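Peer 1: Below are the structure tokens for one structure; questions will follow.
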Amino acid sequence: MQLSLLQGVVALVAATGVAAFKPACIAGTEKLAAEALAGIAELSKNNPGSSCTVETAAKRQEWSALSVSERIAYTDAVKCLMAKPSILDPVEVPGAKSRYDDFVAIHINQTFSIHATANFLSWHRYFTWVYEQALRNECGYEGYQPYWNWGKYALDPLGSPLFDGSAGSIGGNGVFAPHGCTDGLGNGINCIPAGEGGGCVETGPFAGMSVNLGPVFSAFDSPDIVLVDTLFKYNPRCLRRDINVWVSSNWTTDHDSKKLITQNADIVSFQNAMQGDFPNGVYGVHSGGHYTLGGDPGADFFSSTGDPAFFLHHAQVDRTWWIWQNYKSAEARLEAIGGTITISNQPPSRDGTLDDLIDMDILADSRPIREVMSTVGLKGGPLCYVYV
Ligand SMILES: *[C@@H]1O[C@H](CO)[C@@H](O)[C@H](O)[C@H]1NC(C)=O
Ligand SMILES: *[C@@H]1O[C@H](CO)[C@@H](O)[C@H](O)[C@H]1NC(C)=O
């Protein structure tokens, strides 16, 4: 009986030619995430004034935890944002055609003051939240920002529900287009071998979408990449990806994330390890996720926001920080900030503080970093979400 059932399954798989995707084990970080939720519940007890609790908070879910129709509701909302007109000044920012592009433009504009800085994590947390609000308030999306749990797909990103190119994915790989290795670290060390993609994404919900801004400084080595000569130039083109298992399997496994969270006790070493140690050839999960996408604009430090998978990646960056902040239920981690206000302290600058404003330009009110340190409002501010 059981044997014939097994034979039937084998025959079915052979007949359809579809090998089922097998997620990698993510038990290491799942345990820490559960501890983080418990940690938040514990800290919330001392904050009876706040209306946000683990119970009332929005629940951000992993991509494959959503049903296919929930995933399509998300990508439909993103496409709705891409169909709404920009609210930026068209003379100053000619390349911003849509509300989606507004997010790309703001990220481009602030690139040097939001990476390898004290506000890297907080700026991207607030940015991703403002994006989630735009999907909900301007495009009728009823869910919350999903995240891409890197470790789950690290060994087979192309076969994963995130990138398999089906209607319920965030888009497939690019079609093959010859290209060189991607010098993600900018120094030739661990240049990422060209994968099977590199051309336009022609499968999934974003087939045919127009990328309008950038590339400003792309690591993608393709003969037809032309960098823009002004920051906000209108440069319409297809979305290109080279989804790359070399990067994901070497730099974004569950083990990599667990090690990052548990072996960096202070915020400076945590945020540095996450962003990578470029002179020593280390990507870190942040760069690792970006270069798993690769292509254009994915491999451009400035305009990578133009690939809609950016926000799933940055939700996971945020979740990883959120786990680090909360799994020990240590109040001090909700006030931990380190680093300066210029990229890798170039040019040398003062230390960032919790009172520094996160500049969202036309996207939303600027807020002190302090107000986004807790995702459940334990330090004030409007955030009220947890990761499940
Ligand atoms: C870019 O940043 C500068 C300096 O903060 C600001 O004056 C300008 O309005 C910003 N432009 C856009 C498009 O965000
Ligand atoms: C990981 O990187 C090494 C080189 O450092 C390479 O030999 C290996 O093939 C990579 N893994 C995959 C799955 O591509």
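Ligands are numbered from 1 in the order shown, residues from 1 within each chain, and chains are lettered A, B, ... in the order they appear in the structure tokens.
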List as a list in words the protein and nucleic acid residues near A:Asn187, meaning an atom at most 8 Å away when only C-alpha atoms are counted, but skip any in the same chain fewer than 3 places from it.
Peer 2: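 Contacts, in chain order: Asp183, Phe278 and Pro279 of chain A.
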Peer 1: Check which residues fall inside 6 Å of ligand 2 when counting only C-alpha atoms and all ligand atoms, and print them as a PyMOL selection string.
Peer 2: chain A and resi 245-246+249-250
Peer 1: Would you export the selected residues with C-alpha atoms as an mmCIF file, in the first residue's frame, please?
Peer 2:
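For reference, selection_11.cif as written:
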data_model
loop_
_atom_site.group_PDB
_atom_site.id
_atom_site.type_symbol
_atom_site.label_atom_id
_atom_site.label_comp_id
_atom_site.auth_asym_id
_atom_site.auth_seq_id
_atom_site.Cartn_x
_atom_site.Cartn_y
_atom_site.Cartn_z
ATOM 1 C CA VAL A 245 23.160 30.387 -5.586
ATOM 2 C CA TRP A 246 26.898 30.983 -5.272
ATOM 3 C CA SER A 249 24.603 29.395 -0.309
ATOM 4 C CA ASN A 250 27.881 30.901 0.815
#
Peer 1: Run DSSP on the backbone of this structure and report the residues of stretch 154-293 of chain A it assigns to strand (DSSP E or B), as number ranges by chain.
Peer 2: A: 174-176, 182, 192, 198-201, 210-211, 218, 237-238, 240, 277, 282
Peer 1: Restrict the selected residues to C-alpha atoms and save them as a compact mmCIF listing (two decimals), in the first residue's frame.
Peer 2:
# COMPACT_ATOMS: atom_id res chain seq x y z
CA GLY A 174 16.26 37.01 -15.76
CA VAL A 175 16.57 35.22 -19.09
CA PHE A 176 20.15 34.35 -19.91
CA THR A 182 29.66 40.69 -10.31
CA ILE A 192 30.44 36.49 -8.01
CA GLY A 198 21.40 38.38 -16.31
CA GLY A 199 18.69 39.43 -18.77
CA CYS A 200 15.13 40.70 -18.40
CA VAL A 201 12.75 39.09 -15.92
CA SER A 210 9.76 49.38 -16.20
CA VAL A 211 12.73 50.31 -14.02
CA SER A 218 26.40 49.17 -10.67
CA ARG A 237 14.47 49.64 -19.04
CA CYS A 238 13.49 46.14 -18.02
CA ARG A 240 17.13 42.27 -14.85
CA ASP A 277 33.74 43.04 5.80
CA VAL A 282 33.04 38.83 3.52
Peer 1: Just want the residues within 7 Å of ligand 1, written as an MDAnalysis selection string, counting only C-alpha atoms and all ligand atoms.
Peer 2: chainID A and resid 88 92:93 105:106 109:110 361
Peer 1: Could you write out the selected residues, including N, CA and C atoms, as a PDB file, in the first residue's frame?
Peer 2:
ATOM      1  N   LEU A  88       7.008  63.628  -6.581  1.00  0.00           N
ATOM      2  CA  LEU A  88       8.236  64.434  -6.567  1.00  0.00           C
ATOM      3  C   LEU A  88       8.191  65.462  -7.691  1.00  0.00           C
ATOM      4  N   GLU A  92      13.163  68.344 -10.868  1.00  0.00           N
ATOM      5  CA  GLU A  92      14.301  67.905 -10.059  1.00  0.00           C
ATOM      6  C   GLU A  92      14.560  66.397 -10.228  1.00  0.00           C
ATOM      7  N   VAL A  93      13.476  65.623 -10.347  1.00  0.00           N
ATOM      8  CA  VAL A  93      13.615  64.157 -10.395  1.00  0.00           C
ATOM      9  C   VAL A  93      12.885  63.598 -11.621  1.00  0.00           C
ATOM     10  N   ALA A 105      13.906  56.966  -5.557  1.00  0.00           N
ATOM     11  CA  ALA A 105      14.613  58.255  -5.612  1.00  0.00           C
ATOM     12  C   ALA A 105      15.120  58.687  -4.235  1.00  0.00           C
ATOM     13  N   ILE A 106      14.303  58.499  -3.212  1.00  0.00           N
ATOM     14  CA  ILE A 106      14.718  58.920  -1.859  1.00  0.00           C
ATOM     15  C   ILE A 106      15.909  58.071  -1.391  1.00  0.00           C
ATOM     16  N   ASN A 109      19.005  59.267  -3.246  1.00  0.00           N
ATOM     17  CA  ASN A 109      19.450  60.578  -2.775  1.00  0.00           C
ATOM     18  C   ASN A 109      20.238  60.497  -1.475  1.00  0.00           C
ATOM     19  N   GLN A 110      19.868  59.530  -0.625  1.00  0.00           N
ATOM     20  CA  GLN A 110      20.475  59.492   0.710  1.00  0.00           C
ATOM     21  C   GLN A 110      21.499  58.361   0.864  1.00  0.00           C
ATOM     22  N   ASP A 361      12.018  62.678   3.637  1.00  0.00           N
ATOM     23  CA  ASP A 361      11.727  63.601   2.542  1.00  0.00           C
ATOM     24  C   ASP A 361      10.212  63.679   2.310  1.00  0.00           C
TER      25      ASP A 361
END
Peer 1: For stretch 214-216 of chain A, work out the shell of residues within 7 Å, counting only C-alpha atoms and skipping chain neighbours fewer than 5 positions away, then give it as a CSV table (one decimal) with all heavy atoms, in the first residue's frame.
Peer 2:
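The resulting file, out.csv, is reproduced below:
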chain,number,residue,atom,x,y,z
A,227,LEU,N,25.7,53.7,-17.0
A,227,LEU,CA,25.4,54.4,-15.8
A,227,LEU,C,24.8,55.8,-16.2
A,227,LEU,O,25.2,56.4,-17.2
A,227,LEU,CB,26.6,54.6,-14.9
A,227,LEU,CG,27.4,53.3,-14.5
A,227,LEU,CD1,28.6,53.7,-13.6
A,227,LEU,CD2,26.4,52.4,-13.8
A,228,VAL,N,23.8,56.2,-15.3
A,228,VAL,CA,23.2,57.5,-15.6
A,228,VAL,C,24.3,58.6,-15.3
A,228,VAL,O,25.1,58.5,-14.4
A,228,VAL,CB,22.0,57.8,-14.7
A,228,VAL,CG1,20.8,56.9,-15.3
A,228,VAL,CG2,22.2,57.5,-13.3
A,231,LEU,N,22.0,62.1,-11.3
A,231,LEU,CA,21.4,61.2,-10.2
A,231,LEU,C,20.0,60.7,-10.5
A,231,LEU,O,19.7,59.5,-10.3
A,231,LEU,CB,21.5,61.9,-8.9
A,231,LEU,CG,21.7,61.0,-7.6
A,231,LEU,CD1,22.9,60.1,-7.7
A,231,LEU,CD2,21.9,62.0,-6.4
A,235,ASN,N,15.6,56.8,-17.1
A,235,ASN,CA,16.3,55.7,-17.8
A,235,ASN,C,15.5,54.4,-17.9
A,235,ASN,O,15.8,53.5,-17.2
A,235,ASN,CB,17.7,55.5,-17.2
A,235,ASN,CG,18.5,54.5,-17.9
A,235,ASN,OD1,18.3,54.2,-19.1
A,235,ASN,ND2,19.4,53.8,-17.2
A,297,PRO,N,18.2,46.8,-11.4
A,297,PRO,CA,19.1,47.6,-10.6
A,297,PRO,C,19.6,46.8,-9.3
A,297,PRO,O,20.2,47.5,-8.5
A,297,PRO,CB,18.2,48.7,-10.2
A,297,PRO,CG,16.8,48.1,-10.0
A,297,PRO,CD,16.8,47.0,-11.1
A,300,ASP,N,23.0,47.6,-8.0
A,300,ASP,CA,23.4,49.0,-7.8
A,300,ASP,C,23.1,49.4,-6.4
A,300,ASP,O,21.9,49.4,-6.0
A,300,ASP,CB,22.6,49.9,-8.8
A,300,ASP,CG,23.0,51.3,-8.6
A,300,ASP,OD1,24.0,51.7,-8.1
A,300,ASP,OD2,22.1,52.2,-9.0
A,302,PHE,N,22.9,52.2,-5.1
A,302,PHE,CA,22.0,53.4,-5.0
A,302,PHE,C,20.5,53.0,-5.4
A,302,PHE,O,19.6,53.4,-4.6
A,302,PHE,CB,22.5,54.5,-6.0
A,302,PHE,CG,23.7,55.1,-5.6
A,302,PHE,CD1,25.0,54.5,-5.8
A,302,PHE,CD2,23.7,56.4,-5.1
A,302,PHE,CE1,26.2,55.1,-5.5
A,302,PHE,CE2,24.9,57.1,-4.8
A,302,PHE,CZ,26.1,56.4,-5.0
A,303,SER,N,20.3,52.4,-6.5
A,303,SER,CA,19.0,52.2,-7.0
A,303,SER,C,18.4,50.8,-6.8
A,303,SER,O,17.4,50.4,-7.5
A,303,SER,CB,18.9,52.6,-8.5
A,303,SER,OG,19.6,51.8,-9.3
Peer 1: For atom CA of A:Asn345 and atom CA of A:Thr117, quote the distance in Å rounded to one decimal.
Peer 2: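 One can read the atom CA of A:Asn345 to atom CA of A:Thr117 distance as 7.3 Å.
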Peer 1: Choose the residue, out of A:Ala315, A:Val130, A:Ile189, A:Leu383, that has the smallest atom-to-atom separation from A:Ile362; count only C-alpha atoms.
Peer 2: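 Looking only at the distances to A:Ile362, the closest residue turns out to be A:Val130.
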Peer 1: Mind pulling up the distance from atom CA of A:Ser329 to atom CA of A:Thr253?
Peer 2: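 A separation of 24.8 Å between them.
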Peer 1: Write out as JSON lines a residue-level contact list of stretch 63-129 of chain A versus stretch 145-169 of chain A with cut-off 6 Å: for each qualifying residue the closest pair of atoms and the distance in Å to one decimal, counting only C-alpha atoms, rows sorted by chain and residue number upward.
Peer 2:
{"residue": "A:Trp63", "atom": "CA", "partner": "A:Pro146", "partner_atom": "CA", "distance": 5.6}
{"residue": "A:Val68", "atom": "CA", "partner": "A:Gly168", "partner_atom": "CA", "distance": 5.1}
{"residue": "A:Arg71", "atom": "CA", "partner": "A:Gly168", "partner_atom": "CA", "distance": 5.7}
{"residue": "A:Ile72", "atom": "CA", "partner": "A:Gly168", "partner_atom": "CA", "distance": 5.8}
Peer 1: Filtering to all heavy atoms, could you give me those residues as a PDB file, in the first residue's frame?
Peer 2:
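The result, written out as selection.pdb:
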ATOM      1  N   TRP A  63       7.370  34.934   3.183  1.00  0.00           N
ATOM      2  CA  TRP A  63       6.715  34.834   1.868  1.00  0.00           C
ATOM      3  C   TRP A  63       5.943  33.532   1.695  1.00  0.00           C
ATOM      4  O   TRP A  63       4.773  33.539   1.307  1.00  0.00           O
ATOM      5  CB  TRP A  63       7.771  34.980   0.765  1.00  0.00           C
ATOM      6  CG  TRP A  63       7.184  35.019  -0.599  1.00  0.00           C
ATOM      7  CD1 TRP A  63       7.239  34.032  -1.542  1.00  0.00           C
ATOM      8  CD2 TRP A  63       6.449  36.096  -1.189  1.00  0.00           C
ATOM      9  NE1 TRP A  63       6.591  34.440  -2.681  1.00  0.00           N
ATOM     10  CE2 TRP A  63       6.092  35.702  -2.491  1.00  0.00           C
ATOM     11  CE3 TRP A  63       6.052  37.361  -0.740  1.00  0.00           C
ATOM     12  CZ2 TRP A  63       5.370  36.515  -3.358  1.00  0.00           C
ATOM     13  CZ3 TRP A  63       5.324  38.179  -1.601  1.00  0.00           C
ATOM     14  CH2 TRP A  63       4.979  37.755  -2.889  1.00  0.00           C
ATOM     15  N   VAL A  68      -1.059  31.654  -1.923  1.00  0.00           N
ATOM     16  CA  VAL A  68      -0.753  32.232  -3.235  1.00  0.00           C
ATOM     17  C   VAL A  68      -1.620  33.474  -3.470  1.00  0.00           C
ATOM     18  O   VAL A  68      -1.134  34.494  -3.972  1.00  0.00           O
ATOM     19  CB  VAL A  68      -0.926  31.175  -4.358  1.00  0.00           C
ATOM     20  CG1 VAL A  68      -0.876  31.825  -5.735  1.00  0.00           C
ATOM     21  CG2 VAL A  68       0.169  30.114  -4.238  1.00  0.00           C
ATOM     22  N   ARG A  71      -0.151  36.362  -1.634  1.00  0.00           N
ATOM     23  CA  ARG A  71       1.064  36.870  -2.292  1.00  0.00           C
ATOM     24  C   ARG A  71       0.691  37.723  -3.496  1.00  0.00           C
ATOM     25  O   ARG A  71       1.302  38.769  -3.746  1.00  0.00           O
ATOM     26  CB  ARG A  71       1.935  35.704  -2.776  1.00  0.00           C
ATOM     27  CG  ARG A  71       2.500  34.874  -1.645  1.00  0.00           C
ATOM     28  CD  ARG A  71       3.353  33.768  -2.246  1.00  0.00           C
ATOM     29  NE  ARG A  71       3.259  32.554  -1.467  1.00  0.00           N
ATOM     30  CZ  ARG A  71       3.545  31.337  -1.926  1.00  0.00           C
ATOM     31  NH1 ARG A  71       3.927  31.174  -3.183  1.00  0.00           N
ATOM     32  NH2 ARG A  71       3.443  30.292  -1.158  1.00  0.00           N
ATOM     33  N   ILE A  72      -0.319  37.284  -4.233  1.00  0.00           N
ATOM     34  CA  ILE A  72      -0.743  38.055  -5.410  1.00  0.00           C
ATOM     35  C   ILE A  72      -1.357  39.388  -4.969  1.00  0.00           C
ATOM     36  O   ILE A  72      -1.158  40.417  -5.625  1.00  0.00           O
ATOM     37  CB  ILE A  72      -1.708  37.214  -6.290  1.00  0.00           C
ATOM     38  CG1 ILE A  72      -0.922  36.041  -6.912  1.00  0.00           C
ATOM     39  CG2 ILE A  72      -2.362  38.067  -7.381  1.00  0.00           C
ATOM     40  CD1 ILE A  72      -1.765  35.023  -7.669  1.00  0.00           C
TER      41      ILE A  72
END
Peer 1: Which is closer to A:Pro193 than all the others in A:Gly380, A:Gly180, A:Gly288, A:Gly39, using only C-alpha atoms?
Peer 2: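 Using only C-alpha atoms, the shortest distance to A:Pro193 belongs to A:Gly180.
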Peer 1: So, with only C-alpha atoms as the atoms that count, which of A:Ala134, A:Ala364, A:Met373, A:Leu185 lies closest to A:Ser287?
Peer 2: A:Leu185
Peer 1: Find the residues near A:Asp307: any atom within 8 Å, counting only C-alpha atoms, skip ones fewer than 3 places away on the same chain, and give them as a list of chain:residue names.
Peer 2: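 The residues that qualify are A:Val211, A:Leu239, A:Asp296, A:Pro297, A:Gly298, A:Ser304, A:Phe310.
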Peer 1: Nearest to A:Ala83: which of A:Ala332, A:Ala96, A:Cys191, A:Ile337 is it, counting only C-alpha atoms?
Peer 2: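 Among the listed residues, the smallest separation from A:Ala83 belongs to A:Ala96.
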Peer 1: At a cut-off of 7 Å, using only C-alpha atoms, what residues contact A:Leu357? Leave out same-chain residues fewer than 3 positions from it and give the result as a PDB file with C-alpha atoms, in the first residue's frame.
Peer 2:
ATOM      1  CA  SER A 366      10.903  62.690   9.594  1.00  0.00           C
ATOM      2  CA  ARG A 367      11.262  61.089  13.027  1.00  0.00           C
ATOM      3  CA  PRO A 368      13.988  60.695  15.634  1.00  0.00           C
ATOM      4  CA  ILE A 369      15.709  57.314  15.484  1.00  0.00           C
TER       5      ILE A 369
END
Peer 1: Based on the backbone DSSP call, show me all residues of stretch 61-128 of chain A assigned alpha helix (DSSP H), as JSON, numbers by chain.
Peer 2: {"A": [68, 69, 70, 71, 72, 73, 74, 75, 76, 77, 78, 79, 80, 81, 82, 83, 99, 100, 101, 102, 103, 104, 105, 106, 107, 108, 109, 111, 112, 113, 114, 120, 121, 122, 123, 124, 125, 126, 127, 128]}
